[in-house]
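Raw contents of input.pdb, PDB, C-alpha atoms:
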```pdb
ATOM      1  CA  MET R   1       0.000   0.000   0.000  1.00  0.00           C
ATOM      2  CA  ALA R   2       1.454   3.356  -1.041  1.00  0.00           C
ATOM      3  CA  THR R   3       2.202   5.873   1.714  1.00  0.00           C
ATOM      4  CA  GLU R   4       0.285   9.137   1.477  1.00  0.00           C
ATOM      5  CA  PRO R   5       2.645  12.024   0.689  1.00  0.00           C
ATOM      6  CA  LEU R   6       3.130  14.745   3.285  1.00  0.00           C
ATOM      7  CA  LEU R   7       2.417  17.381   0.615  1.00  0.00           C
ATOM      8  CA  ALA R   8       0.289  16.684  -2.453  1.00  0.00           C
ATOM      9  CA  VAL R   9      -0.118  19.335  -5.150  1.00  0.00           C
ATOM     10  CA  ARG R  10      -2.729  18.507  -7.782  1.00  0.00           C
ATOM     11  CA  HIS R  11      -3.166  20.341 -11.117  1.00  0.00           C
ATOM     12  CA  VAL R  12      -2.398  23.754  -9.617  1.00  0.00           C
ATOM     13  CA  SER R  13      -2.511  26.790 -11.906  1.00  0.00           C
ATOM     14  CA  LYS R  14      -2.117  30.545 -11.347  1.00  0.00           C
ATOM     15  CA  THR R  15      -2.440  33.386 -13.862  1.00  0.00           C
ATOM     16  CA  PHE R  16      -1.551  37.035 -13.368  1.00  0.00           C
ATOM     17  CA  GLY R  17      -3.289  39.041 -16.075  1.00  0.00           C
ATOM     18  CA  GLY R  18      -2.207  37.304 -19.260  1.00  0.00           C
ATOM     19  CA  LEU R  19       0.830  35.620 -17.648  1.00  0.00           C
ATOM     20  CA  ARG R  20       0.370  31.943 -16.857  1.00  0.00           C
ATOM     21  CA  ALA R  21       2.827  31.770 -13.963  1.00  0.00           C
ATOM     22  CA  VAL R  22       2.033  28.174 -12.946  1.00  0.00           C
ATOM     23  CA  GLN R  23       0.305  25.733 -15.294  1.00  0.00           C
ATOM     24  CA  ASP R  24      -1.277  22.454 -14.197  1.00  0.00           C
ATOM     25  CA  VAL R  25       1.493  21.466 -11.767  1.00  0.00           C
ATOM     26  CA  SER R  26       1.215  18.253  -9.757  1.00  0.00           C
ATOM     27  CA  LEU R  27       3.814  16.797  -7.398  1.00  0.00           C
ATOM     28  CA  ASP R  28       4.103  14.716  -4.217  1.00  0.00           C
ATOM     29  CA  VAL R  29       6.588  15.424  -1.418  1.00  0.00           C
ATOM     30  CA  PRO R  30       7.150  12.325   0.756  1.00  0.00           C
ATOM     31  CA  ALA R  31       7.587  12.726   4.500  1.00  0.00           C
ATOM     32  CA  GLY R  32      11.232  12.644   5.531  1.00  0.00           C
ATOM     33  CA  SER R  33      12.564  13.630   2.112  1.00  0.00           C
ATOM     34  CA  LEU R  34      14.971  16.365   1.025  1.00  0.00           C
ATOM     35  CA  THR R  35      13.904  17.430  -2.455  1.00  0.00           C
ATOM     36  CA  ALA R  36      14.434  20.382  -4.796  1.00  0.00           C
ATOM     37  CA  LEU R  37      12.567  22.530  -7.290  1.00  0.00           C
ATOM     38  CA  ILE R  38      14.800  24.034  -9.961  1.00  0.00           C
ATOM     39  CA  GLY R  39      14.412  26.024 -13.157  1.00  0.00           C
ATOM     40  CA  PRO R  40      15.417  29.266 -14.862  1.00  0.00           C
ATOM     41  CA  ASN R  41      14.539  32.712 -13.507  1.00  0.00           C
ATOM     42  CA  GLY R  42      10.872  33.477 -14.080  1.00  0.00           C
ATOM     43  CA  ALA R  43       9.917  29.806 -14.268  1.00  0.00           C
ATOM     44  CA  GLY R  44       7.263  30.181 -11.549  1.00  0.00           C
ATOM     45  CA  LYS R  45       9.106  28.494  -8.677  1.00  0.00           C
ATOM     46  CA  THR R  46       8.442  31.141  -6.020  1.00  0.00           C
ATOM     47  CA  THR R  47       4.833  31.472  -7.194  1.00  0.00           C
ATOM     48  CA  LEU R  48       4.423  27.723  -6.705  1.00  0.00           C
ATOM     49  CA  PHE R  49       5.851  28.028  -3.176  1.00  0.00           C
ATOM     50  CA  ALA R  50       3.343  30.811  -2.476  1.00  0.00           C
ATOM     51  CA  LEU R  51       0.515  28.575  -3.676  1.00  0.00           C
ATOM     52  CA  MET R  52       1.722  25.706  -1.506  1.00  0.00           C
ATOM     53  CA  SER R  53       2.102  27.835   1.631  1.00  0.00           C
ATOM     54  CA  GLY R  54      -1.057  29.936   1.324  1.00  0.00           C
ATOM     55  CA  PHE R  55       0.388  33.302   0.336  1.00  0.00           C
ATOM     56  CA  LEU R  56      -1.505  32.912  -2.965  1.00  0.00           C
ATOM     57  CA  ARG R  57      -4.681  31.042  -3.806  1.00  0.00           C
ATOM     58  CA  PRO R  58      -4.597  28.914  -6.971  1.00  0.00           C
ATOM     59  CA  ASP R  59      -7.022  29.631  -9.802  1.00  0.00           C
ATOM     60  CA  SER R  60      -7.541  25.887 -10.075  1.00  0.00           C
ATOM     61  CA  GLY R  61      -6.207  22.715  -8.519  1.00  0.00           C
ATOM     62  CA  SER R  62      -5.660  21.745  -4.887  1.00  0.00           C
ATOM     63  CA  VAL R  63      -2.988  21.508  -2.196  1.00  0.00           C
ATOM     64  CA  HIS R  64      -3.142  18.892   0.560  1.00  0.00           C
ATOM     65  CA  PHE R  65      -0.797  18.780   3.552  1.00  0.00           C
ATOM     66  CA  ALA R  66      -0.710  15.999   6.138  1.00  0.00           C
ATOM     67  CA  GLY R  67      -4.132  14.841   5.001  1.00  0.00           C
ATOM     68  CA  HIS R  68      -5.705  18.318   5.166  1.00  0.00           C
ATOM     69  CA  ASP R  69      -7.015  20.277   2.181  1.00  0.00           C
ATOM     70  CA  ILE R  70      -5.137  23.573   2.630  1.00  0.00           C
ATOM     71  CA  THR R  71      -5.957  25.082  -0.759  1.00  0.00           C
ATOM     72  CA  GLY R  72      -5.944  28.846  -0.236  1.00  0.00           C
ATOM     73  CA  ARG R  73      -5.670  28.481   3.539  1.00  0.00           C
ATOM     74  CA  ALA R  74      -3.926  31.421   5.240  1.00  0.00           C
ATOM     75  CA  PRO R  75      -0.171  31.032   5.877  1.00  0.00           C
ATOM     76  CA  ASP R  76      -0.509  31.266   9.658  1.00  0.00           C
ATOM     77  CA  GLY R  77      -2.974  28.376   9.647  1.00  0.00           C
ATOM     78  CA  ASN R  78      -0.593  26.319   7.520  1.00  0.00           C
ATOM     79  CA  ALA R  79       2.280  27.157   9.859  1.00  0.00           C
ATOM     80  CA  ARG R  80       0.259  25.874  12.797  1.00  0.00           C
ATOM     81  CA  LEU R  81      -0.226  22.614  10.895  1.00  0.00           C
ATOM     82  CA  GLY R  82       3.542  22.427  10.344  1.00  0.00           C
ATOM     83  CA  LEU R  83       4.110  23.891   6.868  1.00  0.00           C
ATOM     84  CA  THR R  84       6.321  26.959   6.753  1.00  0.00           C
ATOM     85  CA  ARG R  85       8.691  28.683   4.344  1.00  0.00           C
ATOM     86  CA  THR R  86      11.669  31.002   4.082  1.00  0.00           C
ATOM     87  CA  PHE R  87      11.967  33.925   1.675  1.00  0.00           C
ATOM     88  CA  GLN R  88      14.609  34.913  -0.884  1.00  0.00           C
ATOM     89  CA  ILE R  89      14.935  38.388   0.623  1.00  0.00           C
ATOM     90  CA  VAL R  90      15.626  38.048   4.328  1.00  0.00           C
ATOM     91  CA  GLN R  91      14.034  40.766   6.452  1.00  0.00           C
ATOM     92  CA  PRO R  92      14.782  40.224  10.148  1.00  0.00           C
ATOM     93  CA  PHE R  93      13.679  42.590  12.890  1.00  0.00           C
ATOM     94  CA  ALA R  94      16.883  44.597  12.644  1.00  0.00           C
ATOM     95  CA  ALA R  95      16.765  46.284  16.055  1.00  0.00           C
ATOM     96  CA  GLN R  96      16.154  43.020  17.895  1.00  0.00           C
ATOM     97  CA  THR R  97      18.798  40.489  18.821  1.00  0.00           C
ATOM     98  CA  VAL R  98      19.198  37.179  17.053  1.00  0.00           C
ATOM     99  CA  ARG R  99      17.701  35.467  20.104  1.00  0.00           C
ATOM    100  CA  GLU R 100      14.628  37.723  20.011  1.00  0.00           C
ATOM    101  CA  ASN R 101      14.163  37.214  16.277  1.00  0.00           C
ATOM    102  CA  ILE R 102      14.155  33.430  16.653  1.00  0.00           C
ATOM    103  CA  ALA R 103      11.779  33.674  19.603  1.00  0.00           C
ATOM    104  CA  VAL R 104       9.219  35.345  17.309  1.00  0.00           C
ATOM    105  CA  GLY R 105       8.921  32.049  15.451  1.00  0.00           C
ATOM    106  CA  ALA R 106       8.738  30.107  18.696  1.00  0.00           C
ATOM    107  CA  HIS R 107       5.735  32.168  19.799  1.00  0.00           C
ATOM    108  CA  LEU R 108       3.600  30.404  17.180  1.00  0.00           C
ATOM    109  CA  HIS R 109       3.217  27.571  19.696  1.00  0.00           C
ATOM    110  CA  GLU R 110       4.734  28.987  22.890  1.00  0.00           C
ATOM    111  CA  ARG R 111       3.042  31.868  24.697  1.00  0.00           C
ATOM    112  CA  ARG R 112       5.530  32.129  27.552  1.00  0.00           C
ATOM    113  CA  ARG R 113       8.332  34.557  26.697  1.00  0.00           C
ATOM    114  CA  ALA R 114      10.972  32.841  28.811  1.00  0.00           C
ATOM    115  CA  HIS R 115      10.257  29.491  27.163  1.00  0.00           C
ATOM    116  CA  ALA R 116      10.332  31.027  23.689  1.00  0.00           C
ATOM    117  CA  LEU R 117      13.726  32.586  24.374  1.00  0.00           C
ATOM    118  CA  LYS R 118      15.016  29.267  25.715  1.00  0.00           C
ATOM    119  CA  LEU R 119      13.781  27.477  22.610  1.00  0.00           C
ATOM    120  CA  ALA R 120      15.557  30.116  20.507  1.00  0.00           C
ATOM    121  CA  GLU R 121      18.863  29.045  22.035  1.00  0.00           C
ATOM    122  CA  ALA R 122      18.326  25.423  21.043  1.00  0.00           C
ATOM    123  CA  VAL R 123      17.318  26.384  17.504  1.00  0.00           C
ATOM    124  CA  ALA R 124      20.319  28.711  17.159  1.00  0.00           C
ATOM    125  CA  ALA R 125      22.607  25.780  17.949  1.00  0.00           C
ATOM    126  CA  ARG R 126      21.088  23.796  15.050  1.00  0.00           C
ATOM    127  CA  VAL R 127      22.021  26.493  12.515  1.00  0.00           C
ATOM    128  CA  GLY R 128      25.352  27.626  13.961  1.00  0.00           C
ATOM    129  CA  LEU R 129      24.208  30.913  15.505  1.00  0.00           C
ATOM    130  CA  THR R 130      24.912  30.271  19.192  1.00  0.00           C
ATOM    131  CA  SER R 131      27.775  32.783  19.299  1.00  0.00           C
ATOM    132  CA  GLN R 132      25.565  35.422  17.659  1.00  0.00           C
ATOM    133  CA  LEU R 133      22.524  35.144  19.954  1.00  0.00           C
ATOM    134  CA  ASP R 134      22.953  38.546  21.639  1.00  0.00           C
ATOM    135  CA  LYS R 135      24.002  40.414  18.487  1.00  0.00           C
ATOM    136  CA  PRO R 136      21.493  42.790  16.853  1.00  0.00           C
ATOM    137  CA  ALA R 137      20.186  41.208  13.673  1.00  0.00           C
ATOM    138  CA  ALA R 138      21.238  44.313  11.733  1.00  0.00           C
ATOM    139  CA  GLU R 139      24.893  43.418  12.366  1.00  0.00           C
ATOM    140  CA  LEU R 140      24.730  39.969  10.786  1.00  0.00           C
ATOM    141  CA  THR R 141      26.456  39.189   7.503  1.00  0.00           C
ATOM    142  CA  VAL R 142      24.422  37.915   4.538  1.00  0.00           C
ATOM    143  CA  ALA R 143      25.309  34.361   5.566  1.00  0.00           C
ATOM    144  CA  GLY R 144      24.271  35.114   9.136  1.00  0.00           C
ATOM    145  CA  ARG R 145      20.924  36.514   8.016  1.00  0.00           C
ATOM    146  CA  LYS R 146      20.316  33.391   5.929  1.00  0.00           C
ATOM    147  CA  ARG R 147      20.941  31.261   9.014  1.00  0.00           C
ATOM    148  CA  LEU R 148      18.639  33.499  11.040  1.00  0.00           C
ATOM    149  CA  GLU R 149      15.864  33.052   8.470  1.00  0.00           C
ATOM    150  CA  LEU R 150      16.301  29.296   8.806  1.00  0.00           C
ATOM    151  CA  ALA R 151      16.250  29.545  12.588  1.00  0.00           C
ATOM    152  CA  ARG R 152      13.058  31.615  12.698  1.00  0.00           C
ATOM    153  CA  THR R 153      11.220  29.052  10.593  1.00  0.00           C
ATOM    154  CA  LEU R 154      12.636  26.111  12.551  1.00  0.00           C
ATOM    155  CA  ALA R 155      11.378  27.732  15.762  1.00  0.00           C
ATOM    156  CA  THR R 156       7.824  27.258  14.459  1.00  0.00           C
ATOM    157  CA  GLN R 157       8.430  23.489  14.726  1.00  0.00           C
ATOM    158  CA  PRO R 158       7.702  22.667  11.073  1.00  0.00           C
ATOM    159  CA  ARG R 159       7.023  19.258   9.611  1.00  0.00           C
ATOM    160  CA  LEU R 160       7.683  20.602   6.107  1.00  0.00           C
ATOM    161  CA  LEU R 161      10.077  23.462   5.402  1.00  0.00           C
ATOM    162  CA  LEU R 162      10.023  25.232   2.032  1.00  0.00           C
ATOM    163  CA  LEU R 163      13.448  26.820   1.481  1.00  0.00           C
ATOM    164  CA  ASP R 164      13.463  29.592  -1.120  1.00  0.00           C
ATOM    165  CA  GLU R 165      17.046  30.029  -2.362  1.00  0.00           C
ATOM    166  CA  VAL R 166      18.669  29.755   1.047  1.00  0.00           C
ATOM    167  CA  LEU R 167      22.100  29.708  -0.661  1.00  0.00           C
ATOM    168  CA  ALA R 168      21.551  32.798  -2.836  1.00  0.00           C
ATOM    169  CA  GLY R 169      24.108  35.540  -2.258  1.00  0.00           C
ATOM    170  CA  LEU R 170      26.592  33.298  -0.467  1.00  0.00           C
ATOM    171  CA  ASN R 171      30.189  32.821  -1.559  1.00  0.00           C
ATOM    172  CA  PRO R 172      31.530  29.302  -2.275  1.00  0.00           C
ATOM    173  CA  GLN R 173      32.913  28.853   1.242  1.00  0.00           C
ATOM    174  CA  GLU R 174      29.631  29.961   2.824  1.00  0.00           C
ATOM    175  CA  ILE R 175      27.700  27.581   0.555  1.00  0.00           C
ATOM    176  CA  THR R 176      29.969  24.720   1.617  1.00  0.00           C
ATOM    177  CA  GLU R 177      29.317  25.595   5.264  1.00  0.00           C
ATOM    178  CA  MET R 178      25.544  25.872   4.762  1.00  0.00           C
ATOM    179  CA  ILE R 179      25.070  22.498   3.063  1.00  0.00           C
ATOM    180  CA  PRO R 180      25.552  20.445   6.277  1.00  0.00           C
ATOM    181  CA  VAL R 181      23.164  22.808   8.088  1.00  0.00           C
ATOM    182  CA  VAL R 182      20.419  21.939   5.599  1.00  0.00           C
ATOM    183  CA  GLN R 183      21.356  18.257   5.791  1.00  0.00           C
ATOM    184  CA  GLY R 184      21.153  18.448   9.581  1.00  0.00           C
ATOM    185  CA  ILE R 185      17.658  19.934   9.443  1.00  0.00           C
ATOM    186  CA  ALA R 186      16.486  17.058   7.251  1.00  0.00           C
ATOM    187  CA  ALA R 187      18.285  14.486   9.426  1.00  0.00           C
ATOM    188  CA  GLY R 188      16.485  15.974  12.426  1.00  0.00           C
ATOM    189  CA  GLY R 189      13.134  14.915  11.010  1.00  0.00           C
ATOM    190  CA  VAL R 190      12.005  17.975   9.037  1.00  0.00           C
ATOM    191  CA  THR R 191      10.919  17.329   5.453  1.00  0.00           C
ATOM    192  CA  VAL R 192      12.626  19.854   3.161  1.00  0.00           C
ATOM    193  CA  LEU R 193      11.669  21.111  -0.305  1.00  0.00           C
ATOM    194  CA  MET R 194      14.098  23.706  -1.621  1.00  0.00           C
ATOM    195  CA  ILE R 195      14.194  26.117  -4.531  1.00  0.00           C
ATOM    196  CA  GLU R 196      17.817  26.437  -5.525  1.00  0.00           C
ATOM    197  CA  HIS R 197      19.956  27.754  -8.378  1.00  0.00           C
ATOM    198  CA  VAL R 198      23.254  26.441  -6.987  1.00  0.00           C
ATOM    199  CA  MET R 199      23.189  23.159  -8.868  1.00  0.00           C
ATOM    200  CA  GLN R 200      26.293  21.757  -7.191  1.00  0.00           C
ATOM    201  CA  ALA R 201      24.409  21.998  -3.885  1.00  0.00           C
ATOM    202  CA  VAL R 202      21.304  20.396  -5.410  1.00  0.00           C
ATOM    203  CA  MET R 203      23.435  17.494  -6.602  1.00  0.00           C
ATOM    204  CA  HIS R 204      24.749  16.957  -3.070  1.00  0.00           C
ATOM    205  CA  LEU R 205      21.509  17.537  -1.161  1.00  0.00           C
ATOM    206  CA  ALA R 206      18.434  16.477  -3.105  1.00  0.00           C
ATOM    207  CA  GLN R 207      17.051  12.967  -3.347  1.00  0.00           C
ATOM    208  CA  HIS R 208      14.537  14.032  -5.998  1.00  0.00           C
ATOM    209  CA  VAL R 209      14.287  17.094  -8.251  1.00  0.00           C
ATOM    210  CA  TRP R 210      11.412  18.736 -10.125  1.00  0.00           C
ATOM    211  CA  VAL R 211      12.240  21.086 -13.003  1.00  0.00           C
ATOM    212  CA  LEU R 212       9.922  23.996 -13.768  1.00  0.00           C
ATOM    213  CA  ALA R 213      10.121  26.082 -16.963  1.00  0.00           C
ATOM    214  CA  GLN R 214       7.600  28.703 -18.095  1.00  0.00           C
ATOM    215  CA  GLY R 215       5.257  27.623 -15.335  1.00  0.00           C
ATOM    216  CA  GLN R 216       5.203  23.950 -16.332  1.00  0.00           C
ATOM    217  CA  LEU R 217       6.929  20.909 -14.918  1.00  0.00           C
ATOM    218  CA  ILE R 218       9.158  19.593 -17.688  1.00  0.00           C
ATOM    219  CA  ALA R 219      11.024  16.825 -15.839  1.00  0.00           C
ATOM    220  CA  ASP R 220      11.573  15.135 -12.500  1.00  0.00           C
ATOM    221  CA  GLY R 221      13.864  12.463 -11.141  1.00  0.00           C
ATOM    222  CA  THR R 222      17.129  12.130  -9.286  1.00  0.00           C
ATOM    223  CA  PRO R 223      19.642  14.977  -9.774  1.00  0.00           C
ATOM    224  CA  ALA R 224      21.681  12.754 -12.088  1.00  0.00           C
ATOM    225  CA  GLU R 225      18.605  11.905 -14.157  1.00  0.00           C
ATOM    226  CA  VAL R 226      17.470  15.490 -14.686  1.00  0.00           C
ATOM    227  CA  THR R 227      20.937  16.596 -15.775  1.00  0.00           C
ATOM    228  CA  ARG R 228      20.696  14.030 -18.598  1.00  0.00           C
ATOM    229  CA  ASN R 229      17.250  15.184 -19.691  1.00  0.00           C
ATOM    230  CA  GLU R 230      17.416  17.009 -23.022  1.00  0.00           C
ATOM    231  CA  ARG R 231      14.464  19.263 -22.195  1.00  0.00           C
ATOM    232  CA  VAL R 232      16.183  20.376 -18.980  1.00  0.00           C
ATOM    233  CA  ILE R 233      19.473  20.970 -20.775  1.00  0.00           C
ATOM    234  CA  GLU R 234      17.757  23.052 -23.428  1.00  0.00           C
ATOM    235  CA  ALA R 235      15.584  25.065 -21.041  1.00  0.00           C
ATOM    236  CA  TYR R 236      17.909  25.573 -18.113  1.00  0.00           C
ATOM    237  CA  LEU R 237      21.310  23.962 -17.739  1.00  0.00           C
ATOM    238  CA  GLY R 238      23.051  24.095 -21.102  1.00  0.00           C
ATOM    239  CA  HIS R 239      25.189  21.222 -22.335  1.00  0.00           C
ATOM    240  CA  GLY R 240      28.414  22.315 -20.632  1.00  0.00           C
ATOM    241  CA  THR R 241      26.874  22.689 -17.174  1.00  0.00           C
ATOM    242  CA  ALA R 242      24.979  19.414 -17.508  1.00  0.00           C
ATOM    243  CA  ALA R 243      28.156  17.556 -18.424  1.00  0.00           C
ATOM    244  CA  ARG R 244      30.063  19.016 -15.456  1.00  0.00           C
ATOM    245  CA  LEU R 245      27.286  18.126 -13.026  1.00  0.00           C
ATOM    246  CA  ARG R 246      27.063  14.562 -14.344  1.00  0.00           C
ATOM    247  CA  ALA R 247      30.817  14.201 -13.887  1.00  0.00           C
ATOM    248  CA  GLN R 248      30.511  15.428 -10.291  1.00  0.00           C
ATOM    249  CA  ALA R 249      27.663  13.015  -9.589  1.00  0.00           C
ATOM    250  CA  VAL R 250      29.638   9.897 -10.563  1.00  0.00           C
ATOM    251  CA  PRO R 251      32.051   9.854  -7.591  1.00  0.00           C
ATOM    252  CA  ARG R 252      29.137  10.492  -5.224  1.00  0.00           C
ATOM    253  CA  ALA R 253      27.178   7.565  -6.635  1.00  0.00           C
ATOM    254  CA  GLU R 254      30.200   5.304  -6.377  1.00  0.00           C
ATOM    255  CA  THR R 255      30.793   6.409  -2.797  1.00  0.00           C
ATOM    256  CA  SER R 256      27.214   5.688  -1.759  1.00  0.00           C
ATOM    257  CA  ALA R 257      27.068   2.349  -3.547  1.00  0.00           C
TER     258      ALA R 257
END
```

So that I can check it, write out the structure of this file as structure tokens.
Amino acid sequence: MATEPLLAVRHVSKTFGGLRAVQDVSLDVPAGSLTALIGPNGAGKTTLFALMSGFLRPDSGSVHFAGHDITGRAPDGNARLGLTRTFQIVQPFAAQTVRENIAVGAHLHERRRAHALKLAEAVAARVGLTSQLDKPAAELTVAGRKRLELARTLATQPRLLLLDEVLAGLNPQEITEMIPVVQGIAAGGVTVLMIEHVMQAVMHLAQHVWVLAQGQLIADGTPAEVTRNERVIEAYLGHGTAARLRAQAVPRAETSA
């Protein structure tokens, strides 16, 4: 008997004026998975995240999470169920400390201020922010703000975390340091679906990948499979990038075999 997916998107579409941003998209996200949604700029990835999380209501189709029909349900209601997301542009409460920012997320389930602040400390440790807890958020680097965005969402105690380009704006060293943080979140029991343009990170992190182009899903499979797909190469990767990524995937596959 097949296991019901944690998130099930069925024939979802969204149009803005004459622009068909998302067209008849269906996908299943299994519980406990770390998966990715990729595609060129303007493909509709962030719009799809907004439809999943309740920031937009689809024109047609449905979204089910943990057995609940959440189509068009408000984001705060979805967060209480355990579905939350990060944003490409991180906007912390600049005048508050890192600890206080994380505690804002904790207050979704925890009314007591002291307990929320204590929970913030534990969450900060998961994302490598313990040494920054008493620093004003305004003083964080780009990498620090990305970690803070992760921490605020983790403090809501999600079952499913939608990560919207958590690696964007980071240098290669910072990306290398962030990858195990994301892996640790997934290993800790949180299902993760990420939008990401850093394909080297996708190759290392994702178990399954969906490829969106012009609002439509054009391929899905393992990272190695999608980099061999001619439609993906034509629409997004290019032959040179696809070849490099396939070459990088071979040692990984051999190592895990």

For R:His109: contacts at 9 Å, only C-alpha atoms, fewer than 3 positions along chain excluded, given as a PyMOL selection string = chain R and resi 80+105-106+116+156-157

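The spacing separating atom CA of R:Ala114 from atom CA of R:Leu150 amounts to 21.0 Å.
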
With a cut-off of 8 Å, could you pull out the residues of stretch 105-195 of chain R touching stretch 201-209 of chain R and give me the nearest pair of atoms for each, distance in Å to one decimal, using only C-alpha atoms, ordered by chain and ascending number, as JSON lines?
```
{"residue": "R:Ile175", "atom": "CA", "partner": "R:Ala201", "partner_atom": "CA", "distance": 7.9}
{"residue": "R:Ile179", "atom": "CA", "partner": "R:Ala201", "partner_atom": "CA", "distance": 7.0}
{"residue": "R:Gln183", "atom": "CA", "partner": "R:Leu205", "partner_atom": "CA", "distance": 7.0}
```

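Interatomic distance, atom CA of R:Ile218 to atom CA of R:Met194: 17.3 Å.
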
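Close to (15.7, 31.4, 10.5), meaning no more than 10 Å away when counting all atoms listed in the file, sit the residues R:Arg85, R:Thr86, R:Phe87, R:Val90, R:Pro92, R:Val98, R:Asn101, R:Ile102, R:Gly105, R:Val123, R:Ala124, R:Val127, R:Leu129, R:Gly144, R:Arg145, R:Lys146, R:Arg147, R:Leu148, R:Glu149, R:Leu150, R:Ala151, R:Arg152, R:Thr153, R:Leu154, R:Ala155, R:Thr156.
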
Per-axis box centre and lengths in Å around stretch 63-82 of chain R, 8 Å margin per side, axis-aligned, as lines of an AutoDock Vina configuration file:
```
center_x = -1.7
center_y = 23.1
center_z = 5.3
size_x = 26.6
size_y = 32.6
size_z = 31.0
```

Find the nearest atom pair between each residue of stretch 58-152 of chain R and stretch 48-54 of chain R for residues within 10 Å, count only C-alpha atoms, give distances in Å to one decimal, sort rows by chain and ascending number, and present the table as a Markdown table.
```
| residue | atom | partner | partner_atom | distance |
| --- | --- | --- | --- | --- |
| R:Pro58 | CA | R:Leu51 | CA | 6.1 |
| R:Asp59 | CA | R:Leu51 | CA | 9.8 |
| R:Ser62 | CA | R:Met52 | CA | 9.0 |
| R:Val63 | CA | R:Met52 | CA | 6.3 |
| R:His64 | CA | R:Met52 | CA | 8.6 |
| R:Phe65 | CA | R:Met52 | CA | 8.9 |
| R:Ile70 | CA | R:Gly54 | CA | 7.7 |
| R:Thr71 | CA | R:Gly54 | CA | 7.2 |
| R:Gly72 | CA | R:Gly54 | CA | 5.2 |
| R:Arg73 | CA | R:Gly54 | CA | 5.3 |
| R:Ala74 | CA | R:Gly54 | CA | 5.1 |
| R:Pro75 | CA | R:Gly54 | CA | 4.8 |
| R:Asp76 | CA | R:Gly54 | CA | 8.5 |
| R:Gly77 | CA | R:Gly54 | CA | 8.7 |
| R:Asn78 | CA | R:Ser53 | CA | 6.7 |
| R:Ala79 | CA | R:Ser53 | CA | 8.3 |
| R:Leu83 | CA | R:Ser53 | CA | 6.9 |
| R:Thr84 | CA | R:Ser53 | CA | 6.7 |
| R:Arg85 | CA | R:Ser53 | CA | 7.2 |
| R:Thr86 | CA | R:Phe49 | CA | 9.8 |
| R:Phe87 | CA | R:Phe49 | CA | 9.8 |
```

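Selecting by distance to (18.1, 28.4, -21.4) with a limit of 10 Å and using all atoms listed in the file, one obtains Gly39, Pro40, Asn41, Ala213, Arg231, Val232, Ile233, Glu234, Ala235, Tyr236, Leu237 and Gly238 of chain R.
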
Restricted to C-alpha atoms, what would the selected residues look like written as a PDB file, keeping the file's coordinate frame?
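What ended up in part_7.pdb:
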```
ATOM      1  CA  GLY R  39      14.412  26.024 -13.157  1.00  0.00           C
ATOM      2  CA  PRO R  40      15.417  29.266 -14.862  1.00  0.00           C
ATOM      3  CA  ASN R  41      14.539  32.712 -13.507  1.00  0.00           C
ATOM      4  CA  ALA R 213      10.121  26.082 -16.963  1.00  0.00           C
ATOM      5  CA  ARG R 231      14.464  19.263 -22.195  1.00  0.00           C
ATOM      6  CA  VAL R 232      16.183  20.376 -18.980  1.00  0.00           C
ATOM      7  CA  ILE R 233      19.473  20.970 -20.775  1.00  0.00           C
ATOM      8  CA  GLU R 234      17.757  23.052 -23.428  1.00  0.00           C
ATOM      9  CA  ALA R 235      15.584  25.065 -21.041  1.00  0.00           C
ATOM     10  CA  TYR R 236      17.909  25.573 -18.113  1.00  0.00           C
ATOM     11  CA  LEU R 237      21.310  23.962 -17.739  1.00  0.00           C
ATOM     12  CA  GLY R 238      23.051  24.095 -21.102  1.00  0.00           C
TER      13      GLY R 238
END
```

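Closest approach to R:Pro30 among R:Val104, R:Val190, R:Val12, R:Leu133: R:Val190, based on only C-alpha atoms.
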
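One distance worth recording is that between atom CA of R:Ala94 and atom CA of R:Pro136, which is 6.5 Å.
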
message = Which residues are near R:Ser26? Cut-off 6 Å, all atoms listed in the file, ignore same chain within fewer than 4 positions. Put them as a ChimeraX atom specification.
response = /R:9-11

Matched chain/residue IDs from the PyMOL selection byres ((chain R and resi 196) around 7), as an mmCIF file with C-alpha atoms, in the coordinates of the input:
```cif
data_model
loop_
_atom_site.group_PDB
_atom_site.id
_atom_site.type_symbol
_atom_site.label_atom_id
_atom_site.label_comp_id
_atom_site.auth_asym_id
_atom_site.auth_seq_id
_atom_site.Cartn_x
_atom_site.Cartn_y
_atom_site.Cartn_z
ATOM 1 C CA ALA R 36 14.434 20.382 -4.796
ATOM 2 C CA LEU R 37 12.567 22.530 -7.290
ATOM 3 C CA ILE R 38 14.800 24.034 -9.961
ATOM 4 C CA ASP R 164 13.463 29.592 -1.120
ATOM 5 C CA GLU R 165 17.046 30.029 -2.362
ATOM 6 C CA MET R 194 14.098 23.706 -1.621
ATOM 7 C CA ILE R 195 14.194 26.117 -4.531
ATOM 8 C CA HIS R 197 19.956 27.754 -8.378
ATOM 9 C CA VAL R 198 23.254 26.441 -6.987
ATOM 10 C CA VAL R 202 21.304 20.396 -5.410
#
```

If we count only C-alpha atoms, what is near R:Val22 at a cut-off of 7 Å, once residues fewer than 6 positions away on the same chain are taken out, given as a compact mmCIF listing (two decimals) with C-alpha atoms, in the coordinates of the input?
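What landed in out.txt:
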```
# COMPACT_ATOMS: atom_id res chain seq x y z
CA SER R 13 -2.51 26.79 -11.91
CA LYS R 14 -2.12 30.54 -11.35
CA THR R 15 -2.44 33.39 -13.86
CA GLY R 44 7.26 30.18 -11.55
CA LEU R 48 4.42 27.72 -6.70
CA GLY R 215 5.26 27.62 -15.34
CA GLN R 216 5.20 23.95 -16.33
```
